Number of protein chains: 2
Amino acid sequence: MSRESELRPMDAEQLREQAHKMVDFIADYYKTIENFPVLSQVEPGYLGKLLPDSAPDHPESLQDILNDVQEKIMPGVTHWQSPNFFAYFPSNGSIAGFLGEMLSAALNIVGFSWITSPAATELEMIALDWLAKAFQLPDHFYSTGKGQGGGVIQGTASEAVLVVLLAARDKMLTRVGKSALSKLVMYASDQTHSSLLKACQIGGLNPELCRLLRTDPSTNYALSPDVLCEAISDDIASGLIPFFLCATVGTTSSTAVDPLSSLGKIAKSNGIWFHVDAAYAGSACVCPEYRHHIDGVEEADSFNMNAHKWFLTNFDCSLLWVQDRNALIESLSTNPEYLKNKASQGNLVTDYKDWQIPLGRRFRSLKLWMVLRLYGLEGLRSHIRSHINLAAHFETLVSQDPRFEVVTPRTFSLVCFRLLPLPNSVDDGNQLNRDLLDSVNSSGHIFITHTVLSGKYILRFAVGTPLTGVRHVDAAWQILQDKASSLLGNS
Amino acid sequence: MSRESELRPMDAEQLREQAHKMVDFIADYYKTIENFPVLSQVEPGYLGKLLPDSAPDHPESLQDILNDVQEKIMPGVTHWQSPNFFAYFPSNGSIAGFLGEMLSAALNIVGFSWITSPAATELEMIALDWLAKAFQLPDHFYSTGKGQGGGVIQGTASEAVLVVLLAARDKMLTRVGKSALSKLVMYASDQTHSSLLKACQIGGLNPELCRLLRTDPSTNYALSPDVLCEAISDDIASGLIPFFLCATVGTTSSTAVDPLSSLGKIAKSNGIWFHVDAAYAGSACVCPEYRHHIDGVEEADSFNMNAHKWFLTNFDCSLLWVQDRNALIESLSTNPEYLKNKASQGNLVTDYKDWQIPLGRRFRSLKLWMVLRLYGLEGLRSHIRSHINLAAHFETLVSQDPRFEVVTPRTFSLVCFRLLPLPNSVDDGNQLNRDLLDSVNSSGHIFITHTVLSGKYILRFAVGTPLTGVRHVDAAWQILQDKASSLLGNS
């Protein structure tokens with residue numbers, strides 16, 4: 001490459017030329033995405049053998065890099081956007097989300113305070129108010145509401161639950177004194193996401209007082225209000241201080257839905273912060289027919305859903321609403337001299353740095369706003385409905401094959417199922433399903449994951465990528481049936 | 001828009017068409033970036049007046065959205081990539097970084113565990129080893145080293161210091177017992193970044209034992225080893241437990257450089273975790289002539305620099321190296337059933353979820369790798385040198401005008417300066433410089449920020465955007481001189 005044509009750090013025309021190339025590379029990727037094994041089949045350490053052990057001293061060309069992406073990186077990619085990805089919960093990418101990421105990366109602002117890009121803060125407030133309306137959230141969650149509430153974009157649900165846990169911790173400690181930290185009690189079901197225990201660990205809470213209350217099939221793994229009441233009474237009787245309850249709408253293992261109304265009333269009457277984690281299933285509540293799953297959210301102090309899971313917004317974009325923004329700010333604000341400015345000092349504006357763990361923040365509302373406008377709420381509703389219909393179709397397929405069972409009733413777009421052990425088998429089915437999982441995943445044709453419920457090893461089939469259609473679900477079922485036949489000895 | 005041409009959630013050809021449009025919009029933005037006021041001049045609440053109060057039910061077109069971006073969003077953007085942005089520290093965007101963001105957004109993987117995209121984890125380890133070599137970091141920071149160290153990409157320096165503080169906290173508590181939490185003492189200079197105190201607050205440390213040790217002009221605001229020694233001795237004598245020291249290379253106010261070698265030896269001999277925050281100035285150490293500023297880093301338990309500040313890598317990309325990865329993992333790991341997989345269970349791989357606060361993580365190493373390859377280390381060195389030269393040029397200009405003073409010696413690309421009050425003025429200069437700041441920032445031509453050192457209100461001129469050249473620095477100085485003349489009454 002001649003000196004003149006060398007890539008400059010920034011130059012509008014060079015950016016135009018190179019970015020057009022990248023667009024074609026990316027469009028071609030999506031065109032051929034089904035050709036890749038959906039779960040990467042590489043061995044640990046594969047990439048170190050393919051790349052040099054030092055950064056180059058001199059510039060290389062984009063073409064060389066794209067060749068390396070194709071030949072060396074792609075084999076190590078697990079293709080979350082493949083229509084054959086049914087693992088975990090989905091990570092929705094979309095055209096609108098991608099365009100929003102492009103624009104956000106191009107502006108490359110760091111929106112910690114209002115002044116550092118007023119549009120970033122204000123568009124975030126507006127987009128979250130739009131969604132509060134679409135999800136029919138209570139007035140006290142609106143930034144433009146009469147109260148002290150508001151919405152904010154966090155990176156992940158882990159960060160969302162961490163910031164509200166810290167706010168609740170500090171609010172309670174202000175009341176009862178700092179030395180009571182080791183007496184604070186947190187409640188959730190044993191199906192709660194692992195990020196909650198991690199948040200407790202980060203916040204220095206007593207791990208013995210993090211109560212993961214037992215659930216079972218009788219409630220489809222939802223938290224029982226009676227169990228919660230009893231635990232709270234016992235703790236109060238022991239001189240402990242209940243301070244936080246996390247309910248889940250759509251648990252990770254099986255999309256269980258905790259009963260928000262009853263739980264919320266218990267929390268309220270005991271002065272406990274009530275957080276609702278709807279990271280996955282919150283998206284479905286944009287459809288009127290699924291909205292009832294968050295009935296009772298009006299009791300909540302905070303509500304979280306991940307737009308990056310099932311709402312067509314590229315990762316990361318986790319939406320958090322709180323009833324009392326001051327609780328967050330009390331816990332998380334900093335105000336060093338070098339960040340002071342008239343708008344902040346005059347309390348005229350929202351500075352989202354005080355609502356989150358990091359200082360810096362990307363302009364993430366752009367992609368959310370673009371998703372809402374390019375698809376419209378109706379477009380988002382049909383996206384959700386199409387996946388729920390596909391999951392229902394898969395559930396029917398499973399239930400029609402007597403060798404399998406559907407383990408818990410399907411509520412959204414996740415089906416929990418398992419292959420039944422042969423009657424004369426010494427295995428209780430756990431090894432069989434472990435083997436089935438390995439067998440289908442190593443085929444490269446589909447990727448699914450597992451969980452354990454009441455000691456049973458269970459397969460999870462989570463529908464959710466934008467490209468998944470009925471032919472992918474049918475083909476996945478065919479693979480599962482074929483592998484099952486092999487394992488069962490063609491019985 | 002006809003039903004057939006409606007934008008689908010994902011479709012390779014629609015993505016191609018729309019993304020090419022977005023590339024042109026972005027390239028045109030960079031072409032005209034100097035036409036915008038660099039600091040947004042909008043009033044709080046401006047955007048709510050321009051946008052509807054609900055999300056649309058039906059899809060809108062990309063062209064409508066781009067028109068709104070141009071007319072409604074752009075006036076509220078503070079243009080961090082403008083060559084006339086001299087505020088805070090820079091947030092480097094580049095063509096390579098932008099291309100990397102595009103690719104990462106397109107793949108849209110969630111790389112919490114190795115299995116979820118082996119290439120994401122392995123490219124991160126490789127890129128951080130490349131940089132460990134480029135910065136001449138000690139062997140124990142390499143993922144491929146003989147020890148237990150390694151590098152990881154965090155979102156921000158705030159998260160980097162938080163995770164190492166938690167690791168240090170839990171390592172110490174394992175030794176001395178959990179009830180000692182309220183006796184742990186943290187040390188840093190009074191110039192340390194505000195994110196450190198926030199990390200202490202998050203981690204439940206006793207705020208009275210977060211010692212921000214006094215600095216002054218005699219050390220150019222660097223932490224004195226004697227002051228540290230005395231504080232530690234006093235605390236030990238009082239039965240407290242020193243556990244964490246944060247030294248800074250390039251403080252936010254004035255780029256002060258703490259003496260790593262002496263401080264590290266003190267930390268080591270007292271069993272204290274030694275963290276080095278080189279968030280801003282670390283980038284300069286890729287040049288041999290500036291590497292001496294991190295001499296002594298071999299004593300550190302952890303080292304952090306932000307590739308998104310001054311290293312051409314779009315936000316966010318904060319690089320953290322640790323000597324003992326197990327300390328991080330002990331503090332931050334979770335292992336729920338639904339994330340278990342053979343590679344993780346067999347301890348064959350690195351799962352970065354256990355090195356950070358959130359569970360999910362983007363494929364951020366792609367952009368870093370592309371920056372390293374598209375510019376090469378030599379390209380990055382000339383980027384750094386050009387900014388340091390421009391800052392030196394600005395420093396000369398200031399020192400040639402007797403109405404101004406350079407306040408602390410310039411070390412990197414930040415110049416701290418102030419306008420001197422008139423001899424007969426009742427103002428000590430603080431109001432004068434506050435007025436000068438307001439006056440230049442409201443012009444829209446440049447954006448600079450301030451700090452306070454030893455009670456003096458000081459202006460900060462931070463060179464660092466990729467587009468900034470000598471003509472921008474000269475023009476900025478002209479504006480400062482003109483506004484100063486107005487304020488001083490053309491004296």
# chains A, B, ... in the order shown; residues from 1 in each chain; ligands from 1
>>> select_by_dssp(residues="segment 364-462 of chain A", states="alpha helix (DSSP H)", output="number ranges by chain")
A: 365-400, 430-441
>>> interface_residues(of="chain B", to="chain A", cutoff="6 Å", atoms="only C-alpha atoms", output="PyMOL selection string")
chain B and resi 9-10+12+15-16+27+30-31+54-60+73+76-78+80+94-95+109+116-119+130+158-159+202-204+337-338+358+373-378+450-451+466
>>> write_last_selection(atoms="N, CA and C atoms", output="compact mmCIF listing (two decimals), in the first residue's frame")
# COMPACT_ATOMS: atom_id res chain seq x y z
N PRO B 9 -37.28 -8.39 9.95
CA PRO B 9 -36.32 -8.34 11.07
C PRO B 9 -34.90 -8.62 10.58
N MET B 10 -34.74 -9.65 9.73
CA MET B 10 -33.43 -9.89 9.14
C MET B 10 -33.61 -10.43 7.74
N ALA B 12 -30.75 -10.69 4.26
CA ALA B 12 -29.41 -10.28 3.81
C ALA B 12 -29.46 -9.14 2.80
N LEU B 15 -30.68 -5.89 4.39
CA LEU B 15 -29.60 -5.36 5.23
C LEU B 15 -28.56 -4.68 4.35
N ARG B 16 -28.18 -5.33 3.26
CA ARG B 16 -27.18 -4.75 2.35
C ARG B 16 -27.62 -3.36 1.89
N ALA B 27 -20.54 8.66 6.43
CA ALA B 27 -19.40 9.30 5.76
C ALA B 27 -19.69 10.79 5.55
N TYR B 30 -19.07 12.69 8.75
CA TYR B 30 -17.65 13.01 9.01
C TYR B 30 -17.14 14.11 8.08
N LYS B 31 -17.71 14.15 6.87
CA LYS B 31 -17.29 15.17 5.90
C LYS B 31 -17.68 16.56 6.36
N SER B 54 -45.51 8.64 21.66
CA SER B 54 -45.69 7.18 21.62
C SER B 54 -44.86 6.62 20.48
N ALA B 55 -44.49 5.35 20.64
CA ALA B 55 -43.86 4.64 19.53
C ALA B 55 -44.90 4.45 18.43
N PRO B 56 -44.47 4.43 17.17
CA PRO B 56 -45.44 4.22 16.08
C PRO B 56 -45.96 2.78 16.12
N ASP B 57 -47.22 2.62 15.70
CA ASP B 57 -47.75 1.27 15.57
C ASP B 57 -47.21 0.58 14.33
N HIS B 58 -47.00 1.39 13.28
CA HIS B 58 -46.61 0.80 12.00
C HIS B 58 -45.23 1.29 11.58
N PRO B 59 -44.56 0.50 10.75
CA PRO B 59 -43.18 0.80 10.37
C PRO B 59 -43.04 2.15 9.66
N GLU B 60 -41.92 2.79 9.92
CA GLU B 60 -41.57 4.00 9.19
C GLU B 60 -40.33 3.69 8.35
N ILE B 73 -31.92 15.00 16.12
CA ILE B 73 -30.91 14.41 17.02
C ILE B 73 -29.60 15.19 16.96
N GLY B 76 -28.62 17.97 19.22
CA GLY B 76 -28.40 17.58 20.61
C GLY B 76 -27.19 16.69 20.81
N VAL B 77 -26.38 16.57 19.77
CA VAL B 77 -25.16 15.76 19.90
C VAL B 77 -23.98 16.67 20.21
N THR B 78 -23.19 16.28 21.19
CA THR B 78 -21.89 16.91 21.42
C THR B 78 -20.89 16.06 20.65
N TRP B 80 -17.97 14.41 19.86
CA TRP B 80 -16.69 13.93 20.42
C TRP B 80 -15.67 13.67 19.33
N SER B 94 -12.22 5.51 15.10
CA SER B 94 -11.35 5.44 13.92
C SER B 94 -12.06 4.60 12.87
N ILE B 95 -11.54 4.63 11.67
CA ILE B 95 -12.13 3.79 10.62
C ILE B 95 -12.04 2.32 11.03
N ILE B 109 -23.04 -11.93 18.82
CA ILE B 109 -22.92 -13.06 19.74
C ILE B 109 -22.91 -12.55 21.17
N THR B 116 -19.77 -20.22 23.82
CA THR B 116 -20.76 -19.39 23.13
C THR B 116 -20.16 -18.65 21.94
N SER B 117 -18.90 -18.78 21.73
CA SER B 117 -18.12 -18.32 20.57
C SER B 117 -16.66 -18.36 20.93
N PRO B 118 -16.05 -19.52 20.73
CA PRO B 118 -14.65 -19.68 21.12
C PRO B 118 -13.74 -18.58 20.57
N ALA B 119 -14.01 -18.12 19.36
CA ALA B 119 -13.14 -17.10 18.76
C ALA B 119 -13.16 -15.81 19.56
N TRP B 130 -0.79 -9.57 22.67
CA TRP B 130 -0.09 -8.70 21.71
C TRP B 130 0.23 -7.34 22.36
N SER B 158 -13.97 2.16 35.12
CA SER B 158 -14.76 2.03 36.35
C SER B 158 -14.99 0.56 36.68
N GLU B 159 -15.31 -0.21 35.64
CA GLU B 159 -15.56 -1.63 35.87
C GLU B 159 -14.25 -2.36 36.17
N ILE B 202 -19.83 0.59 46.16
CA ILE B 202 -20.51 -0.59 45.64
C ILE B 202 -20.13 -1.82 46.46
N GLY B 203 -18.85 -1.93 46.76
CA GLY B 203 -18.34 -3.12 47.45
C GLY B 203 -18.61 -3.12 48.95
N GLY B 204 -19.30 -2.11 49.44
CA GLY B 204 -19.68 -2.08 50.85
C GLY B 204 -18.53 -1.78 51.80
N GLU B 337 -26.66 -24.32 36.38
CA GLU B 337 -26.81 -25.51 35.55
C GLU B 337 -26.96 -25.17 34.07
N TYR B 338 -27.80 -24.15 33.78
CA TYR B 338 -28.13 -23.85 32.38
C TYR B 338 -26.97 -23.29 31.58
N PRO B 358 -21.01 -8.03 34.45
CA PRO B 358 -22.17 -8.60 33.74
C PRO B 358 -21.94 -10.05 33.35
N ARG B 373 -4.21 -4.27 13.48
CA ARG B 373 -3.77 -4.72 12.16
C ARG B 373 -3.87 -3.64 11.09
N LEU B 374 -4.93 -2.83 11.14
CA LEU B 374 -5.10 -1.84 10.08
C LEU B 374 -4.15 -0.64 10.23
N TYR B 375 -3.71 -0.37 11.47
CA TYR B 375 -2.75 0.73 11.66
C TYR B 375 -1.35 0.23 11.97
N GLY B 376 -1.25 -0.94 12.56
CA GLY B 376 0.07 -1.43 12.98
C GLY B 376 0.56 -0.62 14.17
N LEU B 377 1.52 -1.17 14.90
CA LEU B 377 2.02 -0.46 16.08
C LEU B 377 2.66 0.87 15.69
N GLU B 378 3.30 0.91 14.52
CA GLU B 378 3.92 2.17 14.09
C GLU B 378 2.86 3.24 13.83
N HIS B 450 -12.74 21.87 32.55
CA HIS B 450 -11.94 22.50 33.60
C HIS B 450 -11.62 21.50 34.71
N THR B 451 -10.78 21.93 35.63
CA THR B 451 -10.62 21.22 36.89
C THR B 451 -10.24 22.24 37.96
N PRO B 466 -8.80 11.99 16.33
CA PRO B 466 -8.03 11.64 15.14
C PRO B 466 -8.00 12.74 14.08
>>> atom_distance(atom1="atom CA of Ile448 of chain A", atom2="atom CA of Thr396 of chain A")
17.9 Å
>>> select_by_dssp(residues="segment 135-227 of chain A", states="strand (DSSP E or B)", output="list of chain:residue names")
A:Gln148, A:Gly150, A:Gly151, A:Val152, A:Ile153, A:Gln154, A:Leu184, A:Val185, A:Met186, A:Tyr187, A:Ala188, A:Ser189, A:Cys210, A:Arg211, A:Leu212, A:Leu213
>>> atom_distance(atom1="atom CA of Asn35 of chain A", atom2="atom CA of Tyr280 of chain A")
28.2 Å
>>> atom_distance(atom1="atom CA of Asp427 of chain B", atom2="atom CA of Thr255 of chain B")
27.0 Å
>>> closest_residue(among="B:Phe363, B:Tyr142, B:Tyr352, B:Phe274", to="Thr248 of chain B", atoms="only C-alpha atoms")
B:Phe274
>>> residues_around(residues="Leu432 of chain A", least_positions_apart="6", cutoff="9 Å", atoms="only C-alpha atoms", output="NGL selection string")
:A and (419-421 or 484 or 487-488)
>>> write_last_selection(atoms="C-alpha atoms", output="CSV table (one decimal), in the first residue's frame")
chain,number,residue,atom,x,y,z
A,419,LEU,CA,-36.4,-38.2,25.9
A,420,LEU,CA,-37.9,-40.9,28.2
A,421,PRO,CA,-35.6,-43.7,29.3
A,484,ALA,CA,-32.9,-40.3,19.7
A,487,LEU,CA,-29.4,-43.7,21.1
A,488,LEU,CA,-32.4,-45.9,21.7
>>> residues_around(residues="Phe303 of chain B", least_positions_apart="2", cutoff="12 Å", atoms="only C-alpha atoms", output="NGL selection string")
:B and (128 or 132 or 135 or 137-138 or 140-142 or 149-153 or 157 or 160-161 or 163-164 or 245-249 or 260 or 273-279 or 281-282 or 294 or 296-301 or 305-306 or 318-324)
>>> closest_residue(among="B:Ala327, B:Val440, B:Ser485, B:Lys183", to="Leu422 of chain B", atoms="only C-alpha atoms")
B:Ser485
